[in-house]
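Engineer: Okay, so here is protein_38.cif, and as you'll see once you scroll down, it has mmCIF, C-alpha atoms.
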data_work
#
loop_
_atom_site.group_PDB
_atom_site.id
_atom_site.type_symbol
_atom_site.label_atom_id
_atom_site.label_comp_id
_atom_site.auth_asym_id
_atom_site.auth_seq_id
_atom_site.Cartn_x
_atom_site.Cartn_y
_atom_site.Cartn_z
ATOM 1 C CA MET A 151 98.713 -31.519 -19.595
ATOM 2 C CA ILE A 152 95.507 -29.539 -19.878
ATOM 3 C CA GLU A 153 93.444 -28.915 -16.750
ATOM 4 C CA GLY A 154 90.715 -31.482 -16.172
ATOM 5 C CA GLY A 155 91.877 -33.592 -19.073
ATOM 6 C CA ALA A 156 90.032 -31.315 -21.525
ATOM 7 C CA LYS A 157 91.579 -30.917 -24.934
ATOM 8 C CA LEU A 158 91.779 -27.939 -27.223
ATOM 9 C CA ARG A 159 89.829 -28.344 -30.436
ATOM 10 C CA THR A 160 92.373 -28.661 -33.192
ATOM 11 C CA GLY A 161 93.410 -25.352 -34.658
ATOM 12 C CA ASP A 162 91.045 -22.981 -32.864
ATOM 13 C CA ASN A 163 92.438 -22.971 -29.308
ATOM 14 C CA ILE A 164 89.065 -23.487 -27.598
ATOM 15 C CA ARG A 165 88.613 -26.046 -24.843
ATOM 16 C CA CYS A 166 85.976 -27.253 -22.420
ATOM 17 C CA ARG A 167 87.161 -26.712 -18.863
ATOM 18 C CA ALA A 168 86.587 -29.043 -15.925
ATOM 19 C CA ASP A 169 83.864 -26.681 -14.661
ATOM 20 C CA GLY A 170 81.905 -27.086 -17.905
ATOM 21 C CA ARG A 171 82.668 -23.655 -19.346
ATOM 22 C CA PHE A 172 84.403 -23.183 -22.678
ATOM 23 C CA GLU A 173 87.622 -21.163 -22.803
ATOM 24 C CA ALA A 174 88.821 -19.460 -26.004
ATOM 25 C CA ARG A 175 92.417 -18.213 -25.900
ATOM 26 C CA TYR A 176 93.941 -15.561 -28.142
ATOM 27 C CA VAL A 177 97.116 -13.505 -28.458
ATOM 28 C CA LYS A 178 96.350 -10.155 -26.811
ATOM 29 C CA ARG A 179 99.782 -8.614 -27.364
ATOM 30 C CA ARG A 180 103.489 -9.416 -27.511
ATOM 31 C CA ASP A 181 106.212 -8.356 -25.092
ATOM 32 C CA PRO A 182 109.334 -6.482 -26.316
ATOM 33 C CA SER A 183 111.062 -9.793 -27.081
ATOM 34 C CA GLY A 184 108.185 -10.906 -29.287
ATOM 35 C CA LYS A 185 106.766 -13.467 -26.840
ATOM 36 C CA ALA A 186 102.999 -13.851 -27.106
ATOM 37 C CA ILE A 187 100.890 -12.701 -24.151
ATOM 38 C CA TYR A 188 97.614 -14.647 -24.066
ATOM 39 C CA ALA A 189 94.150 -13.776 -22.778
ATOM 40 C CA SER A 190 90.984 -15.855 -22.562
ATOM 41 C CA CYS A 191 87.263 -15.460 -23.138
ATOM 42 C CA TYR A 192 84.707 -17.761 -21.499
ATOM 43 C CA GLY A 193 81.239 -18.969 -22.408
ATOM 44 C CA ARG A 194 78.672 -21.562 -21.461
ATOM 45 C CA THR A 195 78.907 -22.953 -24.991
ATOM 46 C CA TYR A 196 81.631 -23.304 -27.577
ATOM 47 C CA GLU A 197 79.879 -20.767 -29.811
ATOM 48 C CA GLU A 198 79.578 -18.181 -27.018
ATOM 49 C CA ALA A 199 83.278 -18.397 -26.171
ATOM 50 C CA ALA A 200 84.210 -18.105 -29.852
ATOM 51 C CA ARG A 201 81.940 -15.069 -30.307
ATOM 52 C CA LYS A 202 83.384 -13.297 -27.268
ATOM 53 C CA ARG A 203 86.910 -13.942 -28.527
ATOM 54 C CA GLU A 204 86.060 -12.493 -31.944
ATOM 55 C CA GLU A 205 84.657 -9.349 -30.274
ATOM 56 C CA ALA A 206 87.825 -9.008 -28.172
ATOM 57 C CA LEU A 207 90.030 -9.394 -31.256
ATOM 58 C CA GLN A 208 88.036 -6.745 -33.106
ATOM 59 C CA GLN A 209 88.396 -4.379 -30.149
ATOM 60 C CA ASN A 210 92.162 -4.984 -30.096
ATOM 61 C CA THR A 211 92.292 -4.191 -33.809
ATOM 62 C CA ARG A 212 90.415 -0.926 -33.287
ATOM 63 C CA ILE A 213 92.815 0.068 -30.512
ATOM 64 C CA ARG A 214 95.799 -0.745 -32.716
ATOM 65 C CA GLU A 215 94.367 1.617 -35.310
ATOM 66 C CA MET A 216 95.031 4.392 -32.765
ATOM 67 C CA ARG A 217 92.355 6.862 -33.800
ATOM 68 C CA LEU A 218 92.131 9.590 -31.160
ATOM 69 C CA LEU A 219 88.995 11.608 -30.444
ATOM 70 C CA ILE A 220 89.520 14.889 -28.560
ATOM 71 C CA LEU A 221 86.540 16.419 -26.742
ATOM 72 C CA GLY A 222 86.871 20.179 -27.071
ATOM 73 C CA ALA A 223 88.453 22.088 -29.967
ATOM 74 C CA GLY A 224 89.379 25.197 -27.992
ATOM 75 C CA SER A 225 92.878 26.373 -27.112
ATOM 76 C CA HIS A 226 93.644 23.412 -24.847
ATOM 77 C CA GLY A 227 92.178 21.012 -27.371
ATOM 78 C CA GLN A 228 94.504 22.382 -30.048
ATOM 79 C CA GLU A 229 97.448 21.962 -27.682
ATOM 80 C CA VAL A 230 96.453 18.353 -27.057
ATOM 81 C CA ARG A 231 96.129 17.746 -30.805
ATOM 82 C CA GLU A 232 99.613 19.116 -31.484
ATOM 83 C CA LEU A 233 101.031 17.028 -28.639
ATOM 84 C CA ALA A 234 99.340 13.890 -29.974
ATOM 85 C CA GLN A 235 100.677 14.568 -33.461
ATOM 86 C CA ARG A 236 104.200 14.861 -32.083
ATOM 87 C CA LEU A 237 103.903 11.345 -30.647
ATOM 88 C CA ASN A 238 103.499 9.877 -34.149
ATOM 89 C CA VAL A 239 101.336 6.987 -32.945
ATOM 90 C CA PHE A 240 97.829 8.099 -33.916
ATOM 91 C CA ARG A 241 96.643 7.259 -37.402
ATOM 92 C CA GLU A 242 93.872 9.843 -37.203
ATOM 93 C CA ILE A 243 92.893 12.630 -34.809
ATOM 94 C CA ALA A 244 89.519 14.393 -34.716
ATOM 95 C CA PHE A 245 87.515 16.681 -32.440
ATOM 96 C CA LEU A 246 84.073 16.793 -30.952
ATOM 97 C CA ASP A 247 82.950 20.349 -30.249
ATOM 98 C CA ASP A 248 79.669 22.205 -29.997
ATOM 99 C CA ASP A 249 80.899 24.491 -32.794
ATOM 100 C CA VAL A 250 80.877 21.943 -35.594
ATOM 101 C CA SER A 251 82.185 24.528 -38.083
ATOM 102 C CA LYS A 252 85.678 24.350 -36.588
ATOM 103 C CA PRO A 253 88.340 22.386 -38.506
ATOM 104 C CA MET A 254 88.553 18.640 -37.796
ATOM 105 C CA VAL A 255 85.280 18.619 -35.804
ATOM 106 C CA ILE A 256 83.150 15.592 -36.684
ATOM 107 C CA GLY A 257 80.255 16.242 -34.310
ATOM 108 C CA PRO A 258 79.050 17.935 -31.107
ATOM 109 C CA CYS A 259 80.417 16.937 -27.715
ATOM 110 C CA SER A 260 77.117 15.344 -26.751
ATOM 111 C CA SER A 261 77.479 12.764 -29.538
ATOM 112 C CA PHE A 262 80.537 10.880 -28.271
ATOM 113 C CA GLU A 263 78.569 7.689 -27.544
ATOM 114 C CA ARG A 264 78.041 7.077 -31.271
ATOM 115 C CA TRP A 265 81.790 7.188 -32.024
ATOM 116 C CA VAL A 266 83.134 4.528 -29.635
ATOM 117 C CA LYS A 267 83.447 1.806 -32.293
ATOM 118 C CA GLU A 268 85.163 3.994 -34.898
ATOM 119 C CA TRP A 269 87.275 6.079 -32.498
ATOM 120 C CA PRO A 270 88.210 3.791 -29.578
ATOM 121 C CA LEU A 271 90.597 6.263 -27.887
ATOM 122 C CA ALA A 272 89.282 9.528 -26.463
ATOM 123 C CA ILE A 273 90.376 12.298 -24.119
ATOM 124 C CA PRO A 274 88.586 15.391 -22.771
ATOM 125 C CA ALA A 275 90.490 18.608 -23.490
ATOM 126 C CA VAL A 276 88.621 21.342 -21.639
ATOM 127 C CA GLY A 277 89.747 23.628 -18.835
ATOM 128 C CA ASP A 278 86.576 23.142 -16.773
ATOM 129 C CA GLN A 279 87.602 20.591 -14.123
ATOM 130 C CA VAL A 280 84.086 19.402 -13.295
ATOM 131 C CA LEU A 281 83.197 18.871 -16.949
ATOM 132 C CA ARG A 282 86.534 17.201 -17.704
ATOM 133 C CA LEU A 283 86.096 14.651 -14.893
ATOM 134 C CA ARG A 284 82.465 14.010 -15.778
ATOM 135 C CA TRP A 285 83.421 13.306 -19.369
ATOM 136 C CA LEU A 286 86.205 10.995 -18.218
ATOM 137 C CA ASP A 287 83.712 8.926 -16.221
ATOM 138 C CA GLU A 288 81.212 8.818 -19.074
ATOM 139 C CA LEU A 289 83.834 7.878 -21.658
ATOM 140 C CA ALA A 290 85.191 5.094 -19.459
ATOM 141 C CA ALA A 291 81.686 3.727 -18.854
ATOM 142 C CA LEU A 292 81.120 3.519 -22.619
ATOM 143 C CA GLY A 293 84.337 1.553 -23.157
ATOM 144 C CA PHE A 294 86.630 4.226 -24.587
ATOM 145 C CA VAL A 295 90.346 3.845 -23.951
ATOM 146 C CA LEU A 296 91.579 6.967 -22.100
ATOM 147 C CA PRO A 297 95.274 7.503 -22.876
ATOM 148 C CA VAL A 298 97.928 9.387 -20.958
ATOM 149 C CA LEU A 299 99.586 11.882 -23.320
ATOM 150 C CA ILE A 300 103.159 12.901 -22.514
ATOM 151 C CA HIS A 301 104.942 15.399 -24.734
ATOM 152 C CA PRO A 302 108.286 14.101 -26.086
ATOM 153 C CA ASP A 303 110.024 17.113 -24.519
ATOM 154 C CA ALA A 304 108.605 16.439 -21.038
ATOM 155 C CA THR A 305 110.545 14.562 -18.332
ATOM 156 C CA VAL A 306 108.560 11.968 -16.391
ATOM 157 C CA SER A 307 110.199 9.663 -13.858
ATOM 158 C CA SER A 308 109.717 5.956 -14.474
ATOM 159 C CA SER A 309 108.577 5.611 -10.853
ATOM 160 C CA ALA A 310 105.855 8.255 -11.170
ATOM 161 C CA SER A 311 102.220 7.167 -11.507
ATOM 162 C CA LEU A 312 99.965 8.996 -13.978
ATOM 163 C CA GLY A 313 96.201 8.551 -14.012
ATOM 164 C CA TYR A 314 94.251 7.970 -17.215
ATOM 165 C CA GLY A 315 93.318 10.978 -19.306
ATOM 166 C CA THR A 316 96.224 13.069 -17.994
ATOM 167 C CA VAL A 317 98.159 15.404 -20.300
ATOM 168 C CA VAL A 318 101.806 16.364 -19.653
ATOM 169 C CA CYS A 319 102.896 19.259 -21.847
ATOM 170 C CA ALA A 320 106.304 20.283 -23.252
ATOM 171 C CA ARG A 321 109.206 20.808 -20.827
ATOM 172 C CA ALA A 322 107.130 19.760 -17.820
ATOM 173 C CA THR A 323 108.827 17.617 -15.170
ATOM 174 C CA VAL A 324 107.272 14.902 -13.019
ATOM 175 C CA GLY A 325 109.591 13.698 -10.266
ATOM 176 C CA SER A 326 110.206 10.225 -8.889
ATOM 177 C CA GLY A 327 107.389 8.679 -6.905
ATOM 178 C CA ALA A 328 104.909 11.418 -7.819
ATOM 179 C CA GLN A 329 101.289 10.309 -8.008
ATOM 180 C CA ILE A 330 99.185 12.125 -10.593
ATOM 181 C CA GLY A 331 95.428 11.561 -10.502
ATOM 182 C CA PRO A 332 93.209 10.972 -13.548
ATOM 183 C CA GLY A 333 92.313 13.848 -15.839
ATOM 184 C CA CYS A 334 95.115 16.215 -14.802
ATOM 185 C CA ILE A 335 96.694 18.888 -16.992
ATOM 186 C CA ILE A 336 100.387 19.597 -16.365
ATOM 187 C CA SER A 337 101.182 22.634 -18.472
ATOM 188 C CA SER A 338 104.444 23.614 -20.142
ATOM 189 C CA ALA A 339 107.481 23.914 -17.850
ATOM 190 C CA ALA A 340 105.474 22.958 -14.757
ATOM 191 C CA VAL A 341 107.260 20.887 -12.106
ATOM 192 C CA ILE A 342 105.742 18.162 -9.940
ATOM 193 C CA ASP A 343 108.218 17.463 -7.167
ATOM 194 C CA ARG A 344 109.237 14.041 -5.892
ATOM 195 C CA TYR A 345 106.470 12.074 -4.157
ATOM 196 C CA PHE A 346 103.927 14.856 -4.622
ATOM 197 C CA MET A 347 100.317 13.631 -4.823
ATOM 198 C CA LEU A 348 98.270 15.578 -7.365
ATOM 199 C CA PRO A 349 94.480 15.156 -6.986
ATOM 200 C CA GLU A 350 92.357 14.141 -9.965
ATOM 201 C CA GLY A 351 91.418 16.857 -12.404
ATOM 202 C CA THR A 352 94.100 19.302 -11.211
ATOM 203 C CA HIS A 353 95.438 21.876 -13.675
ATOM 204 C CA VAL A 354 99.038 22.864 -12.938
ATOM 205 C CA ASP A 355 99.698 26.118 -14.776
ATOM 206 C CA CYS A 356 102.704 26.976 -16.948
ATOM 207 C CA GLY A 357 105.907 27.138 -14.902
ATOM 208 C CA GLN A 358 104.139 26.327 -11.647
ATOM 209 C CA VAL A 359 106.040 24.188 -9.119
ATOM 210 C CA MET A 360 104.156 21.698 -6.941
ATOM 211 C CA ARG A 361 106.248 20.486 -4.032
ATOM 212 C CA ILE A 362 105.708 18.994 -0.611
ATOM 213 C CA MET A 363 108.095 21.298 1.222
ATOM 214 C CA ASP A 364 109.156 24.810 0.266
ATOM 215 C CA THR A 365 111.875 25.373 2.880
ATOM 216 C CA VAL A 366 113.329 21.961 3.652
ATOM 217 C CA LYS A 367 115.186 20.133 0.908
ATOM 218 C CA THR A 368 116.027 16.469 1.158
ATOM 219 C CA ILE A 369 118.384 14.343 -0.856
#
Using structure tokens, write down the structure that the file contains.

Structural biologist:
Amino acid sequence: MIEGGAKLRTGDNIRCRADGRFEARYVKRRDPSGKAIYASCYGRTYEEAARKREEALQQNTRIREMRLLILGAGSHGQEVRELAQRLNVFREIAFLDDDVSKPMVIGPCSSFERWVKEWPLAIPAVGDQVLRLRWLDELAALGFVLPVLIHPDATVSSSASLGYGTVVCARATVGSGAQIGPGCIISSAAVIDRYFMLPEGTHVDCGQVMRIMDTVKTI
């Protein structure tokens, strides 16, 4: 039984709701068992709902293409590129950098707004905390997807929380219940202890240990 007695138009999964709006449903993703997970777009007219659904489907397709744009082609940017390549999920990887002569650079950092449709995933890869967080905010406002990148050789607890745009490098460890803010860099062999709260934009250096208590150990 459909709410309000409205019926879906045959074949296109669009219906007029009891409140007068049109709802267009589509398959957003599938769970591990293959079951479809649906989402909806709404409009004041049938055509508006259909158009919004088409835009959402195109965005999903771009995300599935997994093209990653890295802001900054310096030493950290190269580390992020190598990490992303190890994940084997990105079809293409490119840089934005003010030195456009560097390999794989497709434009200056200031041009990222023009690339959002072709490169829907992006991550800042600069050591400057203020700049990194500013870019995160600007990228999010433009609609970029900001991934969390975790090196295959890192250990991250399933109960830890990692903010968007965070990078966890090789052999790093993030303990249970740890809360990592957006835009953090956890360098190689660094350790984030259980339940530690790491503020946004923090850079934990190679081998550094972040823990709540240095003298008292709990089980």

Engineer: Here's the selection I'm unsure about, the PyMOL selection byres ((chain A and resi 171) around 7); applied to the file above, which residues does it give, as a ChimeraX atom specification?

Structural biologist: /A:166-167,169-170,172-173,192-195

Engineer: Go ahead and save the residues from that selection, with C-alpha atoms, as a PDB file, in the coordinates of the input.

Structural biologist:
ATOM      1  CA  CYS A 166      85.976 -27.253 -22.420  1.00  0.00           C
ATOM      2  CA  ARG A 167      87.161 -26.712 -18.863  1.00  0.00           C
ATOM      3  CA  ASP A 169      83.864 -26.681 -14.661  1.00  0.00           C
ATOM      4  CA  GLY A 170      81.905 -27.086 -17.905  1.00  0.00           C
ATOM      5  CA  PHE A 172      84.403 -23.183 -22.678  1.00  0.00           C
ATOM      6  CA  GLU A 173      87.622 -21.163 -22.803  1.00  0.00           C
ATOM      7  CA  TYR A 192      84.707 -17.761 -21.499  1.00  0.00           C
ATOM      8  CA  GLY A 193      81.239 -18.969 -22.408  1.00  0.00           C
ATOM      9  CA  ARG A 194      78.672 -21.562 -21.461  1.00  0.00           C
ATOM     10  CA  THR A 195      78.907 -22.953 -24.991  1.00  0.00           C
TER      11      THR A 195
END

Engineer: Near Ser225 (chain A), counting only C-alpha atoms, which residues have an atom at most 9 Å away, once you skip same-chain residues fewer than 3 positions from it, shown as an mmCIF file with C-alpha atoms, in the frame of the given file?

Structural biologist:
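Contents of part_34.cif, freshly written:
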data_model
loop_
_atom_site.group_PDB
_atom_site.id
_atom_site.type_symbol
_atom_site.label_atom_id
_atom_site.label_comp_id
_atom_site.auth_asym_id
_atom_site.auth_seq_id
_atom_site.Cartn_x
_atom_site.Cartn_y
_atom_site.Cartn_z
ATOM 1 C CA GLY A 222 86.871 20.179 -27.071
ATOM 2 C CA GLN A 228 94.504 22.382 -30.048
ATOM 3 C CA GLU A 229 97.448 21.962 -27.682
ATOM 4 C CA VAL A 230 96.453 18.353 -27.057
ATOM 5 C CA ALA A 275 90.490 18.608 -23.490
ATOM 6 C CA VAL A 276 88.621 21.342 -21.639
#

Engineer: Using the chain letters and residue numbers of this document, give as a list in words the residues selected by the PyMOL selection byres ((chain A and resi 308) around 9).

Structural biologist: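 On this input, the PyMOL selection byres ((chain A and resi 308) around 9) captures Val306, Ser307, Ser309, Ala310, Ser311, Gly325, Ser326 and Gly327 of chain A.
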
Engineer: Could you list, as a VMD selection string, every residue matched by the PyMOL selection byres ((chain A and resi 283) around 10) in this structure?

Structural biologist: chain A and resid 274 276 278 to 282 284 to 289 315 332 to 334 350 to 352

Engineer: Quick one: everything within 7 Å of Met347 (chain A), counting all atoms listed in the file, minus sequence neighbours fewer than 3 positions away in the same chain. Send it as a JSON list (two decimals) with C-alpha atoms, in the coordinates of the input.

Structural biologist:
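Saved to part09.json:
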[["chain", "number", "residue", "atom", "x", "y", "z"],
["A", 328, "ALA", "CA", 104.91, 11.42, -7.82],
["A", 329, "GLN", "CA", 101.29, 10.31, -8.01],
["A", 330, "ILE", "CA", 99.18, 12.12, -10.59]]

Engineer: Using only C-alpha atoms, what residues lie at most 10 Å away from (109.2, 15.5, -23.3) (file coordinates), given as a PyMOL selection string?

Structural biologist: chain A and resi 233+237+300-306+318-323+338

Engineer: Taking (104.7, 22.8, -7.2) in the file's own coordinates, collect the residues within 7 Å, counting all atoms listed in the file, and hand them back as a PDB file with C-alpha atoms, in the frame of the given file.

Structural biologist:
ATOM      1  CA  VAL A 341     107.260  20.887 -12.106  1.00  0.00           C
ATOM      2  CA  ILE A 342     105.742  18.162  -9.940  1.00  0.00           C
ATOM      3  CA  ASP A 343     108.218  17.463  -7.167  1.00  0.00           C
ATOM      4  CA  GLN A 358     104.139  26.327 -11.647  1.00  0.00           C
ATOM      5  CA  VAL A 359     106.040  24.188  -9.119  1.00  0.00           C
ATOM      6  CA  MET A 360     104.156  21.698  -6.941  1.00  0.00           C
ATOM      7  CA  ARG A 361     106.248  20.486  -4.032  1.00  0.00           C
TER       8      ARG A 361
END

Engineer: Can you work out which one of A:Phe346, A:Ser337, A:Arg175, A:Ala223 has the shortest atom-to-atom distance to Lys252 (chain A), counting all atoms listed in the file?

Structural biologist: A:Ala223

Engineer: A:Val255, A:Ile335, A:Ile187, A:Ala206: which is nearest Gly224 (chain A), counting only C-alpha atoms?

Structural biologist: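 Of A:Val255, A:Ile335, A:Ile187, A:Ala206, the one nearest Gly224 (chain A) is A:Val255, counting only C-alpha atoms.
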
Engineer: I'd like the interatomic distance between CA of Ala272 (chain A) and CA of Arg217 (chain A), to a tenth of an Å.

Structural biologist: 8.4 Å

Engineer: Could all heavy atoms be built for region 329-340 of chain A and written out as a PDB file, in the frame of the given file?

Structural biologist:
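Final output, part.pdb:
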ATOM      1  N   GLN A 329     102.540  10.985  -7.686  1.00  0.00           N
ATOM      2  CA  GLN A 329     101.289  10.309  -8.008  1.00  0.00           C
ATOM      3  C   GLN A 329     100.314  11.333  -8.582  1.00  0.00           C
ATOM      4  O   GLN A 329      99.845  12.226  -7.877  1.00  0.00           O
ATOM      5  CB  GLN A 329     100.698   9.645  -6.771  1.00  0.00           C
ATOM      6  CG  GLN A 329     101.596   8.553  -6.186  1.00  0.00           C
ATOM      7  CD  GLN A 329     100.958   7.858  -5.006  1.00  0.00           C
ATOM      8  OE1 GLN A 329      99.755   7.567  -5.023  1.00  0.00           O
ATOM      9  NE2 GLN A 329     101.728   7.601  -3.974  1.00  0.00           N
ATOM     10  N   ILE A 330     100.036  11.191  -9.871  1.00  0.00           N
ATOM     11  CA  ILE A 330      99.185  12.125 -10.593  1.00  0.00           C
ATOM     12  C   ILE A 330      97.819  11.473 -10.812  1.00  0.00           C
ATOM     13  O   ILE A 330      97.734  10.394 -11.388  1.00  0.00           O
ATOM     14  CB  ILE A 330      99.796  12.510 -11.955  1.00  0.00           C
ATOM     15  CG1 ILE A 330     101.284  12.896 -11.788  1.00  0.00           C
ATOM     16  CG2 ILE A 330      98.998  13.617 -12.604  1.00  0.00           C
ATOM     17  CD1 ILE A 330     101.524  14.046 -10.867  1.00  0.00           C
ATOM     18  N   GLY A 331      96.759  12.122 -10.361  1.00  0.00           N
ATOM     19  CA  GLY A 331      95.428  11.561 -10.502  1.00  0.00           C
ATOM     20  C   GLY A 331      94.916  11.612 -11.930  1.00  0.00           C
ATOM     21  O   GLY A 331      95.508  12.258 -12.799  1.00  0.00           O
ATOM     22  N   PRO A 332      93.789  10.958 -12.206  1.00  0.00           N
ATOM     23  CA  PRO A 332      93.209  10.972 -13.548  1.00  0.00           C
ATOM     24  C   PRO A 332      92.797  12.382 -13.973  1.00  0.00           C
ATOM     25  O   PRO A 332      92.424  13.218 -13.142  1.00  0.00           O
ATOM     26  CB  PRO A 332      91.978  10.065 -13.412  1.00  0.00           C
ATOM     27  CG  PRO A 332      92.238   9.235 -12.196  1.00  0.00           C
ATOM     28  CD  PRO A 332      93.036  10.098 -11.278  1.00  0.00           C
ATOM     29  N   GLY A 333      92.850  12.623 -15.272  1.00  0.00           N
ATOM     30  CA  GLY A 333      92.313  13.848 -15.839  1.00  0.00           C
ATOM     31  C   GLY A 333      93.054  15.116 -15.486  1.00  0.00           C
ATOM     32  O   GLY A 333      92.482  16.202 -15.543  1.00  0.00           O
ATOM     33  N   CYS A 334      94.337  15.023 -15.147  1.00  0.00           N
ATOM     34  CA  CYS A 334      95.115  16.215 -14.802  1.00  0.00           C
ATOM     35  C   CYS A 334      95.709  16.862 -16.052  1.00  0.00           C
ATOM     36  O   CYS A 334      95.908  16.208 -17.078  1.00  0.00           O
ATOM     37  CB  CYS A 334      96.233  15.870 -13.829  1.00  0.00           C
ATOM     38  SG  CYS A 334      95.650  15.432 -12.171  1.00  0.00           S
ATOM     39  N   ILE A 335      95.999  18.148 -15.940  1.00  0.00           N
ATOM     40  CA  ILE A 335      96.694  18.888 -16.992  1.00  0.00           C
ATOM     41  C   ILE A 335      97.954  19.481 -16.364  1.00  0.00           C
ATOM     42  O   ILE A 335      97.869  20.287 -15.438  1.00  0.00           O
ATOM     43  CB  ILE A 335      95.843  20.026 -17.569  1.00  0.00           C
ATOM     44  CG1 ILE A 335      94.536  19.481 -18.149  1.00  0.00           C
ATOM     45  CG2 ILE A 335      96.621  20.786 -18.641  1.00  0.00           C
ATOM     46  CD1 ILE A 335      93.542  20.571 -18.536  1.00  0.00           C
ATOM     47  N   ILE A 336      99.113  19.067 -16.854  1.00  0.00           N
ATOM     48  CA  ILE A 336     100.387  19.597 -16.365  1.00  0.00           C
ATOM     49  C   ILE A 336     100.966  20.426 -17.498  1.00  0.00           C
ATOM     50  O   ILE A 336     101.486  19.904 -18.475  1.00  0.00           O
ATOM     51  CB  ILE A 336     101.329  18.461 -15.940  1.00  0.00           C
ATOM     52  CG1 ILE A 336     100.643  17.595 -14.870  1.00  0.00           C
ATOM     53  CG2 ILE A 336     102.644  19.016 -15.405  1.00  0.00           C
ATOM     54  CD1 ILE A 336     101.442  16.368 -14.465  1.00  0.00           C
ATOM     55  N   SER A 337     100.857  21.732 -17.374  1.00  0.00           N
ATOM     56  CA  SER A 337     101.182  22.634 -18.472  1.00  0.00           C
ATOM     57  C   SER A 337     102.689  22.769 -18.683  1.00  0.00           C
ATOM     58  O   SER A 337     103.497  22.249 -17.902  1.00  0.00           O
ATOM     59  CB  SER A 337     100.559  24.010 -18.217  1.00  0.00           C
ATOM     60  OG  SER A 337      99.157  23.927 -18.231  1.00  0.00           O
ATOM     61  N   SER A 338     103.050  23.473 -19.737  1.00  0.00           N
ATOM     62  CA  SER A 338     104.444  23.614 -20.142  1.00  0.00           C
ATOM     63  C   SER A 338     105.307  24.156 -19.004  1.00  0.00           C
ATOM     64  O   SER A 338     104.935  25.123 -18.321  1.00  0.00           O
ATOM     65  CB  SER A 338     104.550  24.544 -21.350  1.00  0.00           C
ATOM     66  OG  SER A 338     103.870  23.991 -22.451  1.00  0.00           O
ATOM     67  N   ALA A 339     106.457  23.507 -18.815  1.00  0.00           N
ATOM     68  CA  ALA A 339     107.481  23.914 -17.850  1.00  0.00           C
ATOM     69  C   ALA A 339     107.034  23.805 -16.400  1.00  0.00           C
ATOM     70  O   ALA A 339     107.752  24.259 -15.492  1.00  0.00           O
ATOM     71  CB  ALA A 339     107.978  25.322 -18.140  1.00  0.00           C
ATOM     72  N   ALA A 340     105.888  23.195 -16.139  1.00  0.00           N
ATOM     73  CA  ALA A 340     105.474  22.958 -14.757  1.00  0.00           C
ATOM     74  C   ALA A 340     106.333  21.854 -14.146  1.00  0.00           C
ATOM     75  O   ALA A 340     106.883  21.005 -14.852  1.00  0.00           O
ATOM     76  CB  ALA A 340     104.003  22.571 -14.700  1.00  0.00           C
TER      77      ALA A 340
END
